[in-house]
$ cat start30.txt   # compact mmCIF, C-alpha atoms
# COMPACT_ATOMS: atom_id res chain seq x y z
CA MET A 1 0.00 0.00 0.00
CA PRO A 2 1.60 3.31 -1.02
CA ILE A 3 1.64 5.91 1.74
CA TRP A 4 0.50 9.39 0.70
CA ASN A 5 1.70 12.09 3.09
CA PRO A 6 0.63 15.44 1.58
CA TRP A 7 1.83 17.20 4.71
CA HIS A 8 4.09 16.34 7.61
CA GLY A 9 4.16 17.35 11.23
CA CYS A 10 1.74 17.27 14.14
CA HIS A 11 1.16 18.29 17.73
CA LYS A 12 0.14 16.09 20.63
CA ILE A 13 -3.46 16.17 21.83
CA SER A 14 -3.96 13.11 24.04
CA GLN A 15 -2.25 10.34 26.00
CA GLY A 16 -1.92 8.20 22.88
CA CYS A 17 0.42 10.82 21.42
CA LYS A 18 2.95 10.64 24.26
CA HIS A 19 5.55 8.55 22.40
CA CYS A 20 4.34 9.10 18.83
CA TYR A 21 6.62 7.62 16.16
CA VAL A 22 6.38 10.80 14.05
CA PHE A 23 8.13 12.84 16.74
CA ARG A 24 10.60 10.04 17.41
CA GLU A 25 11.59 9.76 13.75
CA ASP A 26 11.86 13.52 13.35
CA ALA A 27 14.17 13.68 16.35
CA ALA A 28 16.32 10.90 14.88
CA PHE A 29 16.83 13.01 11.75
CA GLY A 30 17.64 16.13 13.73
CA THR A 31 14.34 17.91 13.07
CA ASP A 32 13.32 20.46 15.68
CA ILE A 33 10.03 19.00 16.89
CA SER A 34 9.46 21.66 19.54
CA THR A 35 7.92 24.03 17.00
CA ASN A 36 5.26 21.52 15.83
CA VAL A 37 5.52 22.84 12.28
CA VAL A 38 3.09 21.31 9.77
CA ARG A 39 4.38 21.64 6.22
CA LYS A 40 3.35 20.51 2.77
CA THR A 41 5.50 17.78 1.25
CA ALA A 42 6.78 16.96 -2.21
CA SER A 43 4.21 14.15 -2.30
CA PHE A 44 1.23 16.51 -2.15
CA ASN A 45 -0.23 15.37 -5.51
CA LEU A 46 1.05 11.78 -5.42
CA PRO A 47 -2.13 9.93 -6.57
CA ILE A 48 -2.56 12.06 -9.73
CA ARG A 49 0.99 11.83 -11.02
CA ARG A 50 1.37 10.45 -14.54
CA ASP A 51 4.18 8.69 -16.37
CA ARG A 52 5.72 9.69 -19.70
CA LYS A 53 2.84 8.06 -21.58
CA LYS A 54 0.33 10.14 -19.59
CA ASN A 55 -0.90 7.08 -17.70
CA TRP A 56 -1.45 7.16 -13.97
CA LYS A 57 1.72 6.20 -12.10
CA PHE A 58 -0.55 4.42 -9.62
CA PRO A 59 -3.06 2.23 -11.48
CA ALA A 60 -6.74 1.73 -10.82
CA GLY A 61 -7.32 -0.33 -7.70
CA THR A 62 -4.43 1.17 -5.73
CA GLU A 63 -5.14 1.59 -2.03
CA PHE A 64 -3.52 4.67 -0.50
CA GLY A 65 -2.72 5.14 3.18
CA LEU A 66 -3.24 8.85 3.81
CA CYS A 67 -1.45 11.17 6.26
CA PHE A 68 0.59 8.64 8.24
CA THR A 69 3.06 11.34 9.41
CA SER A 70 0.43 13.86 10.42
CA ASP A 71 -3.35 13.97 10.73
CA LEU A 72 -5.62 14.75 7.80
CA LEU A 73 -7.83 16.84 10.08
CA ILE A 74 -5.13 18.87 11.79
CA GLU A 75 -5.96 22.57 12.02
CA GLU A 76 -2.74 23.77 10.38
CA ALA A 77 -3.71 22.01 7.13
CA ASP A 78 -7.16 23.58 6.76
CA GLU A 79 -6.07 25.73 3.81
CA TRP A 80 -4.76 22.68 1.86
CA ARG A 81 -7.41 20.07 2.59
CA GLU A 82 -9.85 20.96 -0.19
CA ASP A 83 -7.08 20.20 -2.70
CA ILE A 84 -6.77 16.75 -1.13
CA TRP A 85 -10.50 16.10 -1.45
CA ASP A 86 -10.26 17.17 -5.10
CA ILE A 87 -7.46 14.67 -5.74
CA ILE A 88 -9.48 11.94 -4.02
CA ARG A 89 -12.46 12.78 -6.23
CA GLN A 90 -10.27 12.52 -9.32
CA ARG A 91 -9.14 9.01 -8.34
CA GLN A 92 -12.45 7.28 -7.69
CA ASP A 93 -10.84 4.20 -9.25
CA CYS A 94 -8.60 3.93 -6.15
CA SER A 95 -9.35 3.67 -2.45
CA PHE A 96 -8.11 5.86 0.39
CA TYR A 97 -7.75 5.20 4.10
CA PHE A 98 -6.82 7.52 6.95
CA PHE A 99 -7.07 7.37 10.72
CA THR A 100 -7.42 10.31 13.06
CA LYS A 101 -7.38 11.36 16.71
CA ARG A 102 -9.30 14.47 15.66
CA ILE A 103 -12.63 12.92 14.68
CA ASP A 104 -14.34 15.86 16.41
CA ARG A 105 -13.10 18.04 13.52
CA LEU A 106 -14.35 15.83 10.70
CA ALA A 107 -17.75 17.49 10.21
CA GLN A 108 -16.16 20.90 9.61
CA CYS A 109 -13.47 19.44 7.33
CA LEU A 110 -15.68 17.48 4.91
CA PRO A 111 -16.16 18.62 1.30
CA GLU A 112 -19.53 20.01 0.22
CA ASP A 113 -20.35 16.96 -1.91
CA TRP A 114 -19.56 14.41 0.80
CA GLY A 115 -23.20 13.45 1.36
CA ASP A 116 -23.34 10.09 3.16
CA GLY A 117 -19.63 9.58 2.48
CA TYR A 118 -17.39 8.69 -0.44
CA ASP A 119 -17.58 5.02 -1.43
CA HIS A 120 -13.80 4.82 -1.87
CA VAL A 121 -12.75 6.44 1.44
CA ALA A 122 -12.42 4.60 4.77
CA ILE A 123 -11.93 6.49 8.02
CA GLY A 124 -10.38 5.04 11.15
CA CYS A 125 -11.08 6.60 14.54
CA THR A 126 -8.18 6.11 16.93
CA VAL A 127 -8.90 5.38 20.60
CA GLU A 128 -6.13 4.59 23.05
CA ASN A 129 -7.89 4.49 26.42
CA GLN A 130 -11.40 4.50 27.87
CA ASP A 131 -11.55 8.28 28.22
CA ARG A 132 -10.84 8.89 24.54
CA ALA A 133 -13.11 6.02 23.49
CA ASP A 134 -16.03 7.52 25.38
CA TYR A 135 -15.35 10.94 23.88
CA ARG A 136 -14.59 10.01 20.27
CA MET A 137 -16.79 7.00 19.57
CA PRO A 138 -20.20 8.74 19.91
CA ILE A 139 -18.97 11.47 17.55
CA PHE A 140 -17.57 8.90 15.12
CA LEU A 141 -20.79 6.90 14.98
CA SER A 142 -22.90 10.02 14.44
CA LEU A 143 -21.07 11.15 11.29
CA PRO A 144 -21.86 10.25 7.66
CA ILE A 145 -19.14 7.73 6.77
CA LYS A 146 -19.42 4.81 4.35
CA HIS A 147 -16.52 2.78 5.76
CA ARG A 148 -15.68 3.03 9.47
CA LEU A 149 -12.76 1.37 11.24
CA VAL A 150 -11.81 1.59 14.91
CA ILE A 151 -8.07 1.72 15.59
CA VAL A 152 -7.22 0.91 19.20
CA ALA A 153 -3.59 1.98 19.08
CA PRO A 154 -1.51 2.47 20.98
CA MET A 155 -3.64 0.51 23.42
CA ILE A 156 -2.48 1.77 26.81
CA GLU A 157 -5.18 0.27 29.04
CA GLN A 158 -8.09 -2.16 28.94
CA ILE A 159 -11.00 -0.65 27.00
CA ASP A 160 -14.69 -1.49 26.94
CA LEU A 161 -16.13 -0.73 23.49
CA SER A 162 -19.11 -3.07 23.80
CA SER A 163 -21.71 -0.27 23.76
CA TYR A 164 -20.29 1.09 20.49
CA LEU A 165 -19.74 -2.09 18.48
CA ASN A 166 -22.49 -1.93 15.88
CA PRO A 167 -21.53 -4.15 12.91
CA GLU A 168 -23.87 -2.15 10.68
CA LEU A 169 -21.73 0.94 11.26
CA ILE A 170 -18.21 -0.39 11.93
CA GLU A 171 -16.35 -2.73 9.58
CA GLU A 172 -13.42 -3.72 11.83
CA VAL A 173 -11.66 -3.13 15.11
CA SER A 174 -7.86 -3.22 14.88
CA VAL A 175 -5.58 -3.31 17.93
CA GLY A 176 -1.90 -2.49 18.34
CA GLY A 177 0.67 -1.74 21.00
CA GLU A 178 3.10 1.15 21.25
CA SER A 179 6.57 0.98 19.72
CA GLY A 180 9.81 2.67 20.70
CA LYS A 181 12.31 2.66 23.55
CA TYR A 182 9.90 4.29 26.00
CA ALA A 183 6.76 2.47 24.86
CA ARG A 184 4.11 1.60 27.40
CA PRO A 185 3.53 -2.17 27.55
CA LEU A 186 0.52 -3.90 26.02
CA ASP A 187 -1.15 -6.56 28.13
CA PHE A 188 -2.26 -9.46 25.93
CA ASP A 189 -5.27 -9.95 28.23
CA TRP A 190 -6.52 -6.51 27.08
CA VAL A 191 -6.30 -7.71 23.50
CA LEU A 192 -8.21 -10.92 24.25
CA ASN A 193 -10.85 -9.01 26.19
CA LEU A 194 -11.49 -6.65 23.29
CA ARG A 195 -11.47 -9.58 20.88
CA GLN A 196 -14.26 -11.21 22.90
CA GLN A 197 -16.25 -7.96 22.79
CA CYS A 198 -15.95 -8.03 19.00
CA ILE A 199 -16.98 -11.70 18.80
CA ASN A 200 -20.02 -10.98 20.96
CA ALA A 201 -20.98 -8.15 18.61
CA GLY A 202 -20.27 -10.09 15.42
CA MET A 203 -17.51 -7.62 14.60
CA PRO A 204 -14.28 -8.38 12.67
CA PHE A 205 -11.18 -8.05 14.87
CA ASN A 206 -7.53 -7.63 13.92
CA PHE A 207 -4.44 -7.68 16.12
CA HIS A 208 -2.02 -5.79 13.91
CA GLN A 209 0.98 -5.03 16.16
CA THR A 210 2.35 -6.16 19.52
CA GLY A 211 4.26 -3.00 20.31
CA SER A 212 7.72 -3.07 21.86
CA TYR A 213 6.68 -4.57 25.20
CA LEU A 214 4.05 -7.29 25.47
CA ILE A 215 2.82 -8.72 28.75
CA LYS A 216 1.63 -12.32 28.46
CA ASP A 217 1.09 -14.91 31.16
CA GLY A 218 2.50 -12.53 33.75
CA ARG A 219 5.78 -11.95 31.87
CA GLN A 220 6.88 -8.93 29.88
CA PHE A 221 8.55 -9.60 26.54
CA TYR A 222 10.55 -7.20 24.38
CA ILE A 223 9.58 -7.40 20.70
CA PRO A 224 12.00 -5.78 18.18
CA ARG A 225 10.32 -3.34 15.82
CA GLU A 226 10.81 -5.55 12.77
CA HIS A 227 8.91 -8.43 14.41
CA GLN A 228 5.98 -6.58 15.99
CA HIS A 229 3.57 -7.17 13.10
CA SER A 230 4.59 -10.78 12.48
CA GLN A 231 4.37 -11.66 16.18
CA ALA A 232 0.86 -10.23 16.29
CA ARG A 233 -0.11 -12.43 13.33
CA LYS A 234 1.43 -15.48 15.03
CA ALA A 235 -0.92 -14.99 17.97
CA LYS A 236 -3.73 -16.07 15.60
CA VAL A 237 -6.43 -14.12 17.38
CA ASP A 238 -7.89 -12.31 14.36
CA TYR A 239 -11.63 -12.83 13.96
CA ARG A 240 -13.72 -12.66 10.81
$ encode --input "start30.txt" --output "structure tokens"
Amino acid sequence: MPIWNPWHGCHKISQGCKHCYVFREDAAFGTDISTNVVRKTASFNLPIRRDRKKNWKFPAGTEFGLCFTSDLLIEEADEWREDIWDIIRQRQDCSFYFFTKRIDRLAQCLPEDWGDGYDHVAIGCTVENQDRADYRMPIFLSLPIKHRLVIVAPMIEQIDLSSYLNPELIEEVSVGGESGKYARPLDFDWVLNLRQQCINAGMPFNFHQTGSYLIKDGRQFYIPREHQHSQARKAKVDYR
């Protein structure tokens, strides 16, 4: 899946942002993250680029991950966002996916022709703890969206989503731990508990990443970054 980052940079708004990989990677490259600068990137028009024969560089059917080093709904990008919606409209032969911690800004950031949602756009609402779940989920479920996903990442405590898990509105719940040297550990019992909530609701469930520190059977294990996705798959707890 190609990643389309039309802008880069963010600022922290909740506990899930504490050890965000965007800030960690910027620091590793010597970028001053204290200013929280959000800037356009050279990839701004990525999906509509053409090759020498005037064909799309990314063919029909391409799935784009959008704004993985920022947030599509961040305030600093308000002046650029309509251009992004225009690009998305031009590529209705592709699909687009983004997740956000700013779901409370979605209504004011949608294009005029959004209606009940674009068929080729999926939106993931990120919740990291019970407080943010109880704040964001009612907003998320009230908005006109064709394809909804719940992203519980980084999961930093046990979360009860049972009152929100409507399979007619949500297509999947995906869970992941936090990565990095200072990551907060993920308790595998939290994962299993949320999985059972999804099973009870008839909701697809995906365990996509262990995080750096996984607690299982009373022991804490360190999982190197390159193995965090594969170790989650090996747990074989996904539900369809």
$ atom_distance --input "start30.txt" --atom1 "CA of Glu178 (chain A)" --atom2 "CA of Gly9 (chain A)"
19.1 Å
$ residues_around --input "start30.txt" --residues "region 60-70 of chain A" --least-positions-apart "6" --cutoff "12 Å" --atoms "all atoms listed in the file" --output "JSON, numbers by chain"
{"A": [1, 2, 3, 4, 5, 6, 7, 8, 9, 10, 11, 12, 17, 20, 21, 22, 23, 24, 25, 26, 36, 37, 38, 39, 40, 41, 43, 44, 45, 46, 47, 48, 76, 77, 81, 84, 85, 87, 88, 90, 91, 92, 93, 94, 95, 96, 97, 98, 99, 100, 101, 102, 120, 121, 122, 123, 124]}
$ residues_near_point --input "start30.txt" --point "(0.9, -4.6, 29.4)" --cutoff "7 Å" --atoms "only C-alpha atoms" --output "ChimeraX atom specification"
/A:185-188,214-215
$ closest_atom_pairs --input "start30.txt" --of "region 183-211 of chain A" --to "region 226-234 of chain A" --cutoff "9 Å" --atoms "all atoms listed in the file" --output "CSV"
residue,atom,partner,partner_atom,distance
A:Asn206,CA,A:Arg233,CA,8.9
A:Phe207,CA,A:Ala232,CA,5.9
A:His208,CA,A:Ala232,CA,5.8
A:Gln209,CA,A:His229,CA,4.5
A:Thr210,CA,A:Gln228,CA,5.1
A:Gly211,CA,A:Gln228,CA,5.9
$ write_last_selection --input "start30.txt" --atoms "C-alpha atoms" --output "mmCIF file, in the frame of the given file"
data_model
loop_
_atom_site.group_PDB
_atom_site.id
_atom_site.type_symbol
_atom_site.label_atom_id
_atom_site.label_comp_id
_atom_site.auth_asym_id
_atom_site.auth_seq_id
_atom_site.Cartn_x
_atom_site.Cartn_y
_atom_site.Cartn_z
ATOM 1 C CA ASN A 206 -7.530 -7.630 13.920
ATOM 2 C CA PHE A 207 -4.440 -7.680 16.120
ATOM 3 C CA HIS A 208 -2.020 -5.790 13.910
ATOM 4 C CA GLN A 209 0.980 -5.030 16.160
ATOM 5 C CA THR A 210 2.350 -6.160 19.520
ATOM 6 C CA GLY A 211 4.260 -3.000 20.310
#
$ atom_distance --input "start30.txt" --atom1 "CA of Glu112 (chain A)" --atom2 "CA of Leu72 (chain A)"
16.7 Å
$ closest_residue --input "start30.txt" --among "A:Asp116, A:Glu128, A:Asp71, A:Glu168" --to "Pro154 (chain A)" --atoms "only C-alpha atoms"
A:Glu128
$ atom_distance --input "start30.txt" --atom1 "CA of Gly180 (chain A)" --atom2 "CA of Ser14 (chain A)"
17.6 Å
